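Visitor: Hey, dropping protein_38.txt in here, compact mmCIF, C-alpha atoms:
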```
# COMPACT_ATOMS: atom_id res chain seq x y z
CA MET A 4 -65.53 -31.77 66.05
CA PRO A 5 -64.08 -29.37 63.47
CA ASP A 6 -65.33 -29.48 59.89
CA VAL A 7 -62.64 -31.42 58.02
CA ALA A 8 -63.80 -29.97 54.71
CA ALA A 9 -62.82 -26.43 55.63
CA GLY A 10 -60.41 -24.42 57.73
CA TRP A 11 -56.98 -25.47 58.89
CA LEU A 12 -57.64 -29.19 58.26
CA GLN A 13 -58.05 -28.42 54.53
CA GLY A 14 -60.09 -31.56 53.95
CA SER A 15 -57.73 -33.88 55.84
CA GLN A 16 -58.48 -36.01 58.87
CA ALA A 17 -55.40 -34.60 60.61
CA VAL A 18 -52.53 -32.27 59.77
CA CYS A 19 -48.88 -33.07 60.38
CA VAL A 20 -46.06 -30.58 60.85
CA LEU A 21 -42.55 -32.00 60.69
CA SER A 22 -40.55 -29.57 62.82
CA PHE A 23 -36.87 -29.64 63.68
CA ASP A 24 -35.14 -27.58 66.37
CA ILE A 25 -31.56 -26.83 65.30
CA ASP A 26 -30.36 -26.27 68.85
CA ALA A 27 -26.75 -27.38 68.32
CA GLU A 28 -24.54 -26.19 71.19
CA SER A 29 -27.00 -23.57 72.46
CA ALA A 30 -29.20 -26.07 74.29
CA ILE A 31 -26.23 -27.16 76.44
CA LEU A 32 -24.58 -23.78 76.89
CA ALA A 33 -27.89 -22.52 78.29
CA SER A 34 -27.15 -24.79 81.27
CA GLY A 35 -23.71 -23.24 81.80
CA ARG A 36 -20.93 -21.63 79.79
CA ARG A 37 -18.48 -24.08 81.38
CA TYR A 38 -19.73 -26.83 79.05
CA ALA A 39 -17.90 -25.11 76.20
CA ASP A 40 -14.79 -26.80 77.62
CA HIS A 41 -16.35 -30.28 77.31
CA ALA A 42 -15.19 -31.54 73.93
CA MET A 43 -17.43 -34.61 73.87
CA THR A 44 -20.50 -32.59 74.82
CA MET A 45 -19.91 -29.84 72.28
CA THR A 46 -19.20 -32.28 69.45
CA HIS A 47 -22.28 -34.29 70.45
CA GLN A 48 -24.32 -31.15 69.76
CA ALA A 49 -22.39 -30.15 66.64
CA TYR A 50 -23.51 -33.43 65.05
CA GLY A 51 -26.88 -31.74 64.50
CA PRO A 52 -25.88 -28.99 62.06
CA LEU A 53 -22.91 -30.90 60.62
CA VAL A 54 -24.56 -34.27 59.93
CA GLY A 55 -28.17 -34.33 61.11
CA VAL A 56 -29.51 -31.35 59.16
CA PRO A 57 -28.06 -32.42 55.77
CA ARG A 58 -29.39 -35.93 56.33
CA ILE A 59 -32.86 -34.62 57.22
CA LEU A 60 -32.86 -32.31 54.19
CA ASP A 61 -32.00 -35.24 51.92
CA LEU A 62 -34.84 -37.29 53.44
CA LEU A 63 -37.39 -34.52 52.96
CA LYS A 64 -36.25 -33.98 49.38
CA GLN A 65 -36.83 -37.64 48.55
CA TYR A 66 -40.50 -37.29 49.54
CA HIS A 67 -40.98 -33.74 48.20
CA LEU A 68 -41.92 -32.47 51.67
CA ARG A 69 -41.47 -29.08 53.30
CA ALA A 70 -40.73 -28.77 57.01
CA THR A 71 -40.27 -26.08 59.64
CA PHE A 72 -36.84 -25.57 61.22
CA PHE A 73 -36.84 -23.64 64.51
CA CYS A 74 -33.41 -22.07 64.81
CA PRO A 75 -31.78 -20.21 67.72
CA GLY A 76 -29.94 -17.08 66.69
CA PHE A 77 -26.76 -18.47 68.26
CA THR A 78 -26.94 -21.47 65.92
CA ALA A 79 -27.47 -19.14 62.96
CA ASP A 80 -24.37 -17.15 63.91
CA CYS A 81 -22.25 -20.29 64.38
CA TYR A 82 -23.54 -22.19 61.31
CA PRO A 83 -24.80 -19.65 58.76
CA SER A 84 -24.33 -22.04 55.84
CA VAL A 85 -26.69 -24.54 57.49
CA VAL A 86 -29.47 -21.94 57.72
CA GLU A 87 -28.82 -20.91 54.13
CA ARG A 88 -29.03 -24.53 52.99
CA VAL A 89 -32.38 -25.00 54.77
CA LEU A 90 -33.73 -21.87 53.06
CA GLU A 91 -32.37 -22.90 49.66
CA ALA A 92 -34.19 -26.21 50.00
CA GLY A 93 -37.48 -24.33 50.39
CA HIS A 94 -38.16 -24.96 54.05
CA GLU A 95 -39.44 -22.59 56.69
CA ILE A 96 -37.04 -21.05 59.21
CA ALA A 97 -38.76 -20.08 62.46
CA HIS A 98 -37.55 -18.29 65.61
CA HIS A 99 -36.28 -20.29 68.61
CA SER A 100 -34.74 -17.51 70.78
CA TYR A 101 -31.12 -16.45 70.56
CA SER A 102 -29.45 -18.26 73.46
CA HIS A 103 -31.89 -21.14 74.15
CA ARG A 104 -32.06 -19.95 77.75
CA VAL A 105 -35.51 -20.68 79.14
CA GLN A 106 -37.69 -17.61 79.29
CA THR A 107 -38.99 -18.44 82.76
CA SER A 108 -35.48 -17.70 84.08
CA MET A 109 -35.29 -14.27 82.43
CA PRO A 110 -36.93 -10.92 83.28
CA ALA A 111 -39.14 -9.41 80.57
CA ASP A 112 -36.51 -7.00 79.23
CA GLN A 113 -33.98 -9.82 78.80
CA GLN A 114 -36.58 -11.96 77.05
CA GLU A 115 -37.21 -9.26 74.49
CA ALA A 116 -33.50 -8.46 74.03
CA ASP A 117 -32.81 -12.16 73.41
CA PHE A 118 -35.74 -12.28 70.97
CA VAL A 119 -34.59 -9.23 69.02
CA ARG A 120 -31.01 -10.45 68.80
CA ALA A 121 -32.16 -13.75 67.32
CA LEU A 122 -34.43 -11.98 64.86
CA GLU A 123 -31.49 -9.90 63.64
CA SER A 124 -29.31 -13.01 63.21
CA LEU A 125 -31.96 -14.87 61.22
CA THR A 126 -32.95 -11.96 58.97
CA ARG A 127 -29.28 -11.29 58.21
CA LEU A 128 -29.22 -14.71 56.51
CA GLY A 129 -32.35 -14.06 54.49
CA ALA A 130 -34.89 -15.74 56.78
CA ARG A 131 -38.19 -14.01 57.51
CA PRO A 132 -39.46 -15.89 60.56
CA ARG A 133 -43.17 -15.62 61.26
CA GLY A 134 -43.34 -18.23 64.01
CA PHE A 135 -41.76 -18.77 67.41
CA ARG A 136 -41.09 -21.67 69.75
CA ALA A 137 -39.88 -20.98 73.28
CA PRO A 138 -36.78 -22.94 74.38
CA MET A 139 -37.95 -26.08 76.17
CA TRP A 140 -41.45 -24.67 75.49
CA GLU A 141 -41.03 -22.63 78.68
CA ALA A 142 -42.84 -19.48 77.59
CA THR A 143 -44.02 -16.89 80.10
CA TRP A 144 -47.29 -14.98 80.11
CA LYS A 145 -45.38 -12.08 78.53
CA THR A 146 -44.16 -14.11 75.55
CA PRO A 147 -47.28 -13.62 73.38
CA ALA A 148 -47.05 -9.84 73.83
CA ILE A 149 -43.48 -9.92 72.51
CA LEU A 150 -44.68 -11.83 69.45
CA ALA A 151 -47.52 -9.38 68.92
CA ARG A 152 -45.17 -6.39 69.06
CA HIS A 153 -43.03 -7.95 66.35
CA ASP A 154 -46.01 -8.92 64.16
CA PHE A 155 -45.44 -12.68 64.38
CA LEU A 156 -48.09 -14.99 62.96
CA TYR A 157 -47.85 -17.92 65.35
CA ASP A 158 -46.40 -19.51 68.47
CA SER A 159 -45.81 -23.19 69.18
CA SER A 160 -45.15 -23.39 72.93
CA LEU A 161 -48.45 -23.85 74.81
CA MET A 162 -50.05 -27.21 75.58
CA ASP A 163 -53.71 -26.60 76.41
CA ASP A 164 -55.07 -28.09 73.16
CA ASP A 165 -54.15 -30.40 70.29
CA ARG A 166 -55.69 -28.21 67.59
CA PRO A 167 -54.78 -24.68 66.55
CA TYR A 168 -56.48 -21.72 68.19
CA VAL A 169 -56.06 -17.97 68.06
CA LEU A 170 -54.89 -15.84 70.99
CA THR A 171 -55.95 -12.21 71.09
CA VAL A 172 -53.04 -10.23 72.53
CA ASP A 173 -52.89 -6.43 72.68
CA GLY A 174 -55.39 -6.15 69.88
CA LYS A 175 -53.54 -8.58 67.62
CA GLU A 176 -54.14 -12.23 66.80
CA ILE A 177 -51.45 -14.89 67.33
CA VAL A 178 -52.14 -18.44 66.21
CA GLU A 179 -51.14 -21.09 68.74
CA LEU A 180 -49.96 -24.42 67.27
CA PRO A 181 -49.84 -26.64 70.37
CA PRO A 182 -46.98 -29.11 70.78
CA HIS A 183 -46.62 -31.88 73.38
CA TRP A 184 -43.78 -33.81 75.01
CA SER A 185 -45.13 -37.12 73.65
CA LEU A 186 -44.26 -36.02 70.11
CA ASP A 187 -40.74 -34.84 70.97
CA ASP A 188 -37.67 -36.97 70.22
CA TRP A 189 -35.80 -35.43 73.17
CA GLU A 190 -37.74 -37.60 75.65
CA GLN A 191 -36.88 -40.69 73.62
CA TYR A 192 -33.25 -40.28 72.59
CA ALA A 193 -31.51 -37.55 74.60
CA TYR A 194 -28.62 -38.68 76.80
CA LEU A 195 -25.55 -36.98 78.20
CA PRO A 196 -23.69 -37.71 81.43
CA GLU A 197 -23.35 -33.96 82.08
CA PRO A 198 -25.46 -31.93 81.94
CA VAL A 199 -28.14 -34.57 82.36
CA ILE A 200 -30.54 -34.01 79.47
CA GLY A 201 -32.04 -37.50 79.64
CA THR A 202 -31.16 -40.89 81.04
CA VAL A 203 -32.76 -43.42 78.66
CA ILE A 204 -32.10 -44.11 74.99
CA GLU A 205 -35.15 -45.76 73.45
CA SER A 206 -35.28 -48.01 70.41
CA PRO A 207 -36.47 -46.26 67.25
CA ALA A 208 -38.92 -49.17 66.86
CA LYS A 209 -40.61 -48.18 70.12
CA VAL A 210 -40.66 -44.53 69.08
CA PHE A 211 -42.31 -45.45 65.77
CA GLU A 212 -44.94 -47.42 67.66
CA MET A 213 -45.67 -44.44 69.94
CA TRP A 214 -45.84 -41.86 67.17
CA SER A 215 -47.83 -43.99 64.74
CA LEU A 216 -50.41 -44.74 67.47
CA GLU A 217 -50.64 -41.02 68.18
CA LEU A 218 -51.20 -40.27 64.51
CA GLU A 219 -53.98 -42.85 64.28
CA ALA A 220 -55.72 -41.29 67.29
CA MET A 221 -55.26 -37.79 65.93
CA ARG A 222 -56.92 -38.80 62.67
CA ARG A 223 -59.97 -39.83 64.66
CA HIS A 224 -59.93 -36.64 66.72
CA HIS A 225 -58.94 -34.31 63.85
CA SER A 226 -55.84 -32.99 65.60
CA LEU A 227 -52.53 -31.32 64.82
CA PHE A 228 -49.63 -33.78 64.78
CA MET A 229 -46.86 -31.34 65.73
CA LEU A 230 -43.78 -33.55 65.60
CA THR A 231 -40.71 -31.98 67.21
CA CYS A 232 -37.29 -33.46 66.46
CA HIS A 233 -33.70 -32.37 66.96
CA PRO A 234 -31.06 -33.03 64.30
CA PHE A 235 -28.42 -34.00 66.89
CA LEU A 236 -30.81 -36.77 68.00
CA SER A 237 -32.99 -37.81 65.05
CA GLY A 238 -30.19 -37.33 62.54
CA ARG A 239 -28.54 -40.55 63.73
CA PRO A 240 -28.78 -43.41 61.18
CA SER A 241 -31.33 -45.77 62.77
CA ARG A 242 -33.46 -42.82 63.82
CA ILE A 243 -33.51 -41.20 60.40
CA GLU A 244 -34.60 -44.53 58.96
CA MET A 245 -37.41 -44.64 61.54
CA MET A 246 -38.35 -41.13 60.37
CA ARG A 247 -38.48 -42.46 56.81
CA LYS A 248 -40.79 -45.24 57.97
CA LEU A 249 -43.01 -42.74 59.79
CA ILE A 250 -43.23 -40.45 56.76
CA GLU A 251 -44.23 -43.39 54.56
CA PHE A 252 -46.79 -44.44 57.19
CA ILE A 253 -48.30 -40.94 57.18
CA LEU A 254 -48.36 -40.65 53.40
CA ALA A 255 -49.95 -44.09 53.03
CA LYS A 256 -52.98 -42.93 55.04
CA GLY A 257 -53.94 -40.62 52.19
CA ASP A 258 -55.94 -38.34 54.49
CA VAL A 259 -53.20 -36.60 56.49
CA LYS A 260 -51.82 -33.37 55.09
CA ILE A 261 -48.14 -32.53 55.78
CA CYS A 262 -47.61 -28.77 55.98
CA THR A 263 -45.20 -26.24 57.36
CA ALA A 264 -46.17 -24.57 60.61
CA GLU A 265 -46.64 -21.28 58.76
CA GLU A 266 -49.07 -22.90 56.33
CA VAL A 267 -51.16 -24.34 59.16
CA ALA A 268 -51.16 -21.04 61.05
CA THR A 269 -52.19 -19.09 57.94
CA ALA A 270 -55.12 -21.44 57.31
CA ALA A 271 -56.16 -21.37 60.98
CA LEU A 272 -56.12 -17.58 61.13
CA ALA A 273 -58.17 -17.27 57.94
CA ASP A 274 -60.82 -19.66 59.28
CA ARG A 275 -63.28 -17.76 61.46
CA ALA A 276 -64.34 -21.07 62.99
CA THR A 277 -60.92 -21.46 64.62
CA PRO A 278 -61.48 -20.85 68.36
CA ARG A 279 -60.48 -17.40 69.61
CA ARG A 280 -59.24 -16.99 73.17
CA ALA A 281 -58.03 -14.16 75.33
CA LEU A 282 -54.74 -14.74 77.13
CA GLN A 283 -55.59 -15.72 80.71
CA PRO A 284 -52.53 -15.70 83.03
CA PHE A 285 -52.96 -18.16 85.87
CA SER A 286 -52.86 -16.88 89.43
CA ALA A 287 -51.96 -19.16 92.33
CA PRO A 288 -53.38 -17.98 95.68
CA GLY A 289 -50.60 -17.16 98.14
CA ASP A 290 -52.47 -18.59 101.11
CA VAL A 291 -52.56 -21.99 99.40
CA TYR A 292 -49.24 -21.96 97.56
CA PRO A 293 -46.70 -19.80 99.41
CA SER A 294 -43.65 -18.64 97.49
```
Go ahead and render the structure in this file as structure tokens.
Guide:
Amino acid sequence: MPDVAAGWLQGSQAVCVLSFDIDAESAILASGRRYADHAMTMTHQAYGPLVGVPRILDLLKQYHLRATFFCPGFTADCYPSVVERVLEAGHEIAHHSYSHRVQTSMPADQQEADFVRALESLTRLGARPRGFRAPMWEATWKTPAILARHDFLYDSSLMDDDRPYVLTVDGKEIVELPPHWSLDDWEQYAYLPEPVIGTVIESPAKVFEMWSLELEAMRRHHSLFMLTCHPFLSGRPSRIEMMRKLIEFILAKGDVKICTAEEVATAALADRATPRRALQPFSAPGDVYPS
């Protein structure tokens, strides 16, 4: 067990990051440009920056909390005022690709070109992203090297732990802040007839039960509660009120620290007790698993 008195836990039993992916239309257009002609689908996604983000910002302000907003460059270009409002409110803007196309479908040069384009869009608006999250968390083994080349502090895409660790990549250190599907609102609320992004819409009461149980367990195991939400989903009224209930539940514990992803990564990197790992690409034997 990690020492709760030192390091990234900073004396808490668990650490919570409230993160929001401002995907807007990019998450759907990544499945096909033709969806730009679907008015319902595009407006369904536009709800995020138009309504969801302002509502989330108001909620965070009420509790004096800072969060991390992962933003695709395409969203930044389409809704610059939304990014500016997030920054003005004191929150962290992190990198979430340009196009939201999954990296596993792109050759290495396209991955880096997409990365650079997003970085240019975000910095143009005054953001200085230090963290990255791969679209759909589908990073490749080359992703950490791209982050290292651009001097990024952390990634939040890999799922082989529930506590921060440090990857050594090309002589540089990248903090990994592991997420998981169980703490993602997409699996609970996402629904569209086309493209199919989910088929079930859960009750916010059930989602609160799931997430509060996870938090209780993570307090026992001294873990990172990396909550991932999307404004076009969790910005809806009953869901934002569930988020309010969850925030109050977390704060009432008194031993869970709520930080930005950058704050957690900075503390983890400074703590020499944080596990260090070399990147180990997995190799599947061709005689067992043919292409």
Visitor: When you count all atoms listed in the file, which of these residues is closest to Gly129 in chain A: A:Ala276, A:Lys64, A:Asp164, A:Ile96?
Guide: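 Distance minimum relative to Gly129 in chain A lands on A:Ile96.
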Visitor: Could you work out how far CA of Glu244 in chain A lies from CA of Val259 in chain A, giving the answer in Å with one decimal?
Guide: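 That distance, rounded to one decimal, is 20.4 Å.
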Visitor: My list of candidates is A:Ala42, A:Ala33, A:Ala130, A:Leu161. Which is closest to His103 in chain A when distances are computed with all atoms listed in the file?
Guide: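 That would be A:Ala33, the residue with the smallest distance to His103 in chain A.
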Visitor: Quick one, how far is CA of Gly257 in chain A from CA of Arg69 in chain A?
Guide: 17.0 Å
Visitor: Report the distance between CA of Leu21 in chain A and CA of Thr263 in chain A in Å, rounded to one decimal place.
Guide: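 Computing it gives 7.2 Å between the two atoms.
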Visitor: Please determine the residues with any atom at most 7 Å from (-31.8, -18.4, 75.2) (coordinates as given in the file, with all atoms listed in the file counting) and report them as a PyMOL selection string.
Guide: chain A and resi 33+100-105+117+138
Visitor: Quick one: 5 Å padding each side, axis-aligned, all listed atoms of range 210-224 of chain A - centre and edge lengths in Å to one decimal, as lines of an AutoDock Vina configuration file?
Guide:
```
center_x = -50.3
center_y = -42.0
center_z = 66.3
size_x = 29.3
size_y = 20.8
size_z = 17.3
```
Visitor: With all atoms listed in the file as the basis for distance, which of A:Asp290, A:Phe73, A:Glu197, A:Cys81 is at the shortest distance from Met43 in chain A?
Guide: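 Checking each candidate against Met43 in chain A, we get A:Glu197 as the closest.
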Visitor: Can you list every residue of range 45-148 of chain A that has an atom at most 12 Å from range 221-243 of chain A, with its nearest atom pair and the distance in Å to one decimal, using only C-alpha atoms, ordered by chain then number, as a tab-separated table?
Guide:
```
residue	atom	partner	partner_atom	distance
A:Met45	CA	A:Phe235	CA	10.9
A:Thr46	CA	A:Phe235	CA	9.7
A:His47	CA	A:Phe235	CA	7.1
A:Gln48	CA	A:Phe235	CA	5.8
A:Ala49	CA	A:Phe235	CA	7.2
A:Tyr50	CA	A:Phe235	CA	5.3
A:Gly51	CA	A:Phe235	CA	3.6
A:Pro52	CA	A:Pro234	CA	6.9
A:Leu53	CA	A:Phe235	CA	8.9
A:Val54	CA	A:Gly238	CA	6.9
A:Gly55	CA	A:Gly238	CA	3.9
A:Val56	CA	A:Pro234	CA	5.6
A:Pro57	CA	A:Gly238	CA	8.6
A:Arg58	CA	A:Gly238	CA	6.4
A:Ile59	CA	A:Gly238	CA	6.5
A:Leu60	CA	A:Gly238	CA	10.1
A:Asp61	CA	A:Ile243	CA	10.5
A:Leu62	CA	A:Ile243	CA	8.1
A:Leu63	CA	A:Ile243	CA	10.7
A:Ala70	CA	A:Leu230	CA	10.3
A:Thr71	CA	A:Thr231	CA	9.6
A:Phe72	CA	A:His233	CA	9.4
A:Phe73	CA	A:Thr231	CA	9.6
A:Cys74	CA	A:His233	CA	10.5
A:Val85	CA	A:Pro234	CA	11.7
A:Arg136	CA	A:Thr231	CA	10.6
A:Met139	CA	A:Thr231	CA	11.1
A:Trp140	CA	A:Thr231	CA	11.1
```
Visitor: Name all residues at most 12 Å from Gln283 in chain A (count all atoms listed in the file; drop same-chain ones fewer than 6 positions away) and give them as a ChimeraX atom specification.
Guide: /A:143-145,147,163,170-172
Visitor: My list of candidates is A:Arg36, A:Phe211, A:Pro293, A:Ala268. Which is closest to Phe252 in chain A when distances are computed with all atoms listed in the file?
Guide: A:Phe211
Visitor: Could you check the closest approach to Trp184 in chain A for each of A:Ala255, A:Pro198, A:Ala151, A:Met162 and tell me which residue wins, using only C-alpha atoms?
Guide: A:Met162
Visitor: In terms of the shortest atom-to-atom distance over all atoms listed in the file, which of A:Pro284, A:Ile31, A:Arg275, A:Glu190 is closest to Tyr168 in chain A?
Guide: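 Checking each of A:Pro284, A:Ile31, A:Arg275, A:Glu190 against Tyr168 in chain A, counting all atoms listed in the file, the winner is A:Arg275.
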Visitor: Copy range 237-264 of chain A out of the block into a file, keeping N, CA and C atoms, as a PDB file, in the first residue's frame.
Guide:
```pdb
ATOM      1  N   SER A 237     -23.390  14.267 -19.475  1.00  0.00           N
ATOM      2  CA  SER A 237     -23.582  14.612 -18.065  1.00  0.00           C
ATOM      3  C   SER A 237     -24.050  16.038 -17.845  1.00  0.00           C
ATOM      4  N   GLY A 238     -24.148  16.829 -18.907  1.00  0.00           N
ATOM      5  CA  GLY A 238     -24.687  18.177 -18.770  1.00  0.00           C
ATOM      6  C   GLY A 238     -26.202  18.224 -18.727  1.00  0.00           C
ATOM      7  N   ARG A 239     -26.857  17.094 -18.986  1.00  0.00           N
ATOM      8  CA  ARG A 239     -28.321  17.046 -18.927  1.00  0.00           C
ATOM      9  C   ARG A 239     -28.799  17.212 -17.478  1.00  0.00           C
ATOM     10  N   PRO A 240     -30.000  17.800 -17.269  1.00  0.00           N
ATOM     11  CA  PRO A 240     -30.404  18.217 -15.921  1.00  0.00           C
ATOM     12  C   PRO A 240     -30.323  17.155 -14.829  1.00  0.00           C
ATOM     13  N   SER A 241     -30.946  15.988 -15.025  1.00  0.00           N
ATOM     14  CA  SER A 241     -30.939  14.998 -13.938  1.00  0.00           C
ATOM     15  C   SER A 241     -29.536  14.478 -13.684  1.00  0.00           C
ATOM     16  N   ARG A 242     -28.711  14.482 -14.720  1.00  0.00           N
ATOM     17  CA  ARG A 242     -27.353  13.959 -14.574  1.00  0.00           C
ATOM     18  C   ARG A 242     -26.441  14.967 -13.877  1.00  0.00           C
ATOM     19  N   ILE A 243     -26.650  16.248 -14.141  1.00  0.00           N
ATOM     20  CA  ILE A 243     -25.844  17.239 -13.449  1.00  0.00           C
ATOM     21  C   ILE A 243     -26.214  17.281 -11.971  1.00  0.00           C
ATOM     22  N   GLU A 244     -27.478  16.990 -11.670  1.00  0.00           N
ATOM     23  CA  GLU A 244     -27.874  16.946 -10.259  1.00  0.00           C
ATOM     24  C   GLU A 244     -27.303  15.706  -9.580  1.00  0.00           C
ATOM     25  N   MET A 245     -27.163  14.606 -10.319  1.00  0.00           N
ATOM     26  CA  MET A 245     -26.467  13.441  -9.772  1.00  0.00           C
ATOM     27  C   MET A 245     -25.007  13.779  -9.510  1.00  0.00           C
ATOM     28  N   MET A 246     -24.389  14.560 -10.429  1.00  0.00           N
ATOM     29  CA  MET A 246     -23.002  14.977 -10.245  1.00  0.00           C
ATOM     30  C   MET A 246     -22.870  15.828  -8.977  1.00  0.00           C
ATOM     31  N   ARG A 247     -23.843  16.671  -8.744  1.00  0.00           N
ATOM     32  CA  ARG A 247     -23.854  17.476  -7.514  1.00  0.00           C
ATOM     33  C   ARG A 247     -23.883  16.552  -6.289  1.00  0.00           C
ATOM     34  N   LYS A 248     -24.737  15.552  -6.349  1.00  0.00           N
ATOM     35  CA  LYS A 248     -24.852  14.608  -5.238  1.00  0.00           C
ATOM     36  C   LYS A 248     -23.539  13.858  -5.035  1.00  0.00           C
ATOM     37  N   LEU A 249     -22.889  13.482  -6.126  1.00  0.00           N
ATOM     38  CA  LEU A 249     -21.617  12.764  -6.027  1.00  0.00           C
ATOM     39  C   LEU A 249     -20.534  13.656  -5.433  1.00  0.00           C
ATOM     40  N   ILE A 250     -20.469  14.906  -5.873  1.00  0.00           N
ATOM     41  CA  ILE A 250     -19.483  15.838  -5.324  1.00  0.00           C
ATOM     42  C   ILE A 250     -19.695  16.005  -3.817  1.00  0.00           C
ATOM     43  N   GLU A 251     -20.937  16.172  -3.405  1.00  0.00           N
ATOM     44  CA  GLU A 251     -21.217  16.331  -1.981  1.00  0.00           C
ATOM     45  C   GLU A 251     -20.865  15.065  -1.207  1.00  0.00           C
ATOM     46  N   PHE A 252     -21.086  13.907  -1.817  1.00  0.00           N
ATOM     47  CA  PHE A 252     -20.722  12.625  -1.211  1.00  0.00           C
ATOM     48  C   PHE A 252     -19.208  12.548  -1.016  1.00  0.00           C
ATOM     49  N   ILE A 253     -18.457  12.960  -2.033  1.00  0.00           N
ATOM     50  CA  ILE A 253     -16.994  12.924  -1.952  1.00  0.00           C
ATOM     51  C   ILE A 253     -16.499  13.890  -0.885  1.00  0.00           C
ATOM     52  N   LEU A 254     -17.003  15.105  -0.915  1.00  0.00           N
ATOM     53  CA  LEU A 254     -16.548  16.118   0.049  1.00  0.00           C
ATOM     54  C   LEU A 254     -16.880  15.728   1.485  1.00  0.00           C
ATOM     55  N   ALA A 255     -18.016  15.054   1.675  1.00  0.00           N
ATOM     56  CA  ALA A 255     -18.433  14.665   3.023  1.00  0.00           C
ATOM     57  C   ALA A 255     -17.496  13.636   3.640  1.00  0.00           C
ATOM     58  N   LYS A 256     -16.768  12.894   2.810  1.00  0.00           N
ATOM     59  CA  LYS A 256     -15.834  11.893   3.344  1.00  0.00           C
ATOM     60  C   LYS A 256     -14.715  12.565   4.139  1.00  0.00           C
ATOM     61  N   GLY A 257     -14.295  13.728   3.691  1.00  0.00           N
ATOM     62  CA  GLY A 257     -13.263  14.459   4.419  1.00  0.00           C
ATOM     63  C   GLY A 257     -11.853  13.937   4.237  1.00  0.00           C
ATOM     64  N   ASP A 258     -11.698  12.832   3.515  1.00  0.00           N
ATOM     65  CA  ASP A 258     -10.357  12.257   3.339  1.00  0.00           C
ATOM     66  C   ASP A 258     -10.067  11.938   1.872  1.00  0.00           C
ATOM     67  N   VAL A 259     -10.823  12.587   0.971  1.00  0.00           N
ATOM     68  CA  VAL A 259     -10.599  12.419  -0.467  1.00  0.00           C
ATOM     69  C   VAL A 259     -10.269  13.786  -1.044  1.00  0.00           C
ATOM     70  N   LYS A 260      -9.115  13.898  -1.646  1.00  0.00           N
ATOM     71  CA  LYS A 260      -8.686  15.170  -2.220  1.00  0.00           C
ATOM     72  C   LYS A 260      -9.147  15.240  -3.668  1.00  0.00           C
ATOM     73  N   ILE A 261      -9.738  16.375  -4.078  1.00  0.00           N
ATOM     74  CA  ILE A 261     -10.145  16.599  -5.459  1.00  0.00           C
ATOM     75  C   ILE A 261      -9.128  17.526  -6.102  1.00  0.00           C
ATOM     76  N   CYS A 262      -8.472  17.035  -7.150  1.00  0.00           N
ATOM     77  CA  CYS A 262      -7.385  17.778  -7.803  1.00  0.00           C
ATOM     78  C   CYS A 262      -7.598  17.786  -9.307  1.00  0.00           C
ATOM     79  N   THR A 263      -6.848  18.641  -9.983  1.00  0.00           N
ATOM     80  CA  THR A 263      -6.764  18.518 -11.432  1.00  0.00           C
ATOM     81  C   THR A 263      -5.806  17.382 -11.764  1.00  0.00           C
ATOM     82  N   ALA A 264      -5.905  16.897 -12.991  1.00  0.00           N
ATOM     83  CA  ALA A 264      -4.989  15.844 -13.427  1.00  0.00           C
ATOM     84  C   ALA A 264      -3.541  16.323 -13.370  1.00  0.00           C
TER      85      ALA A 264
END
```
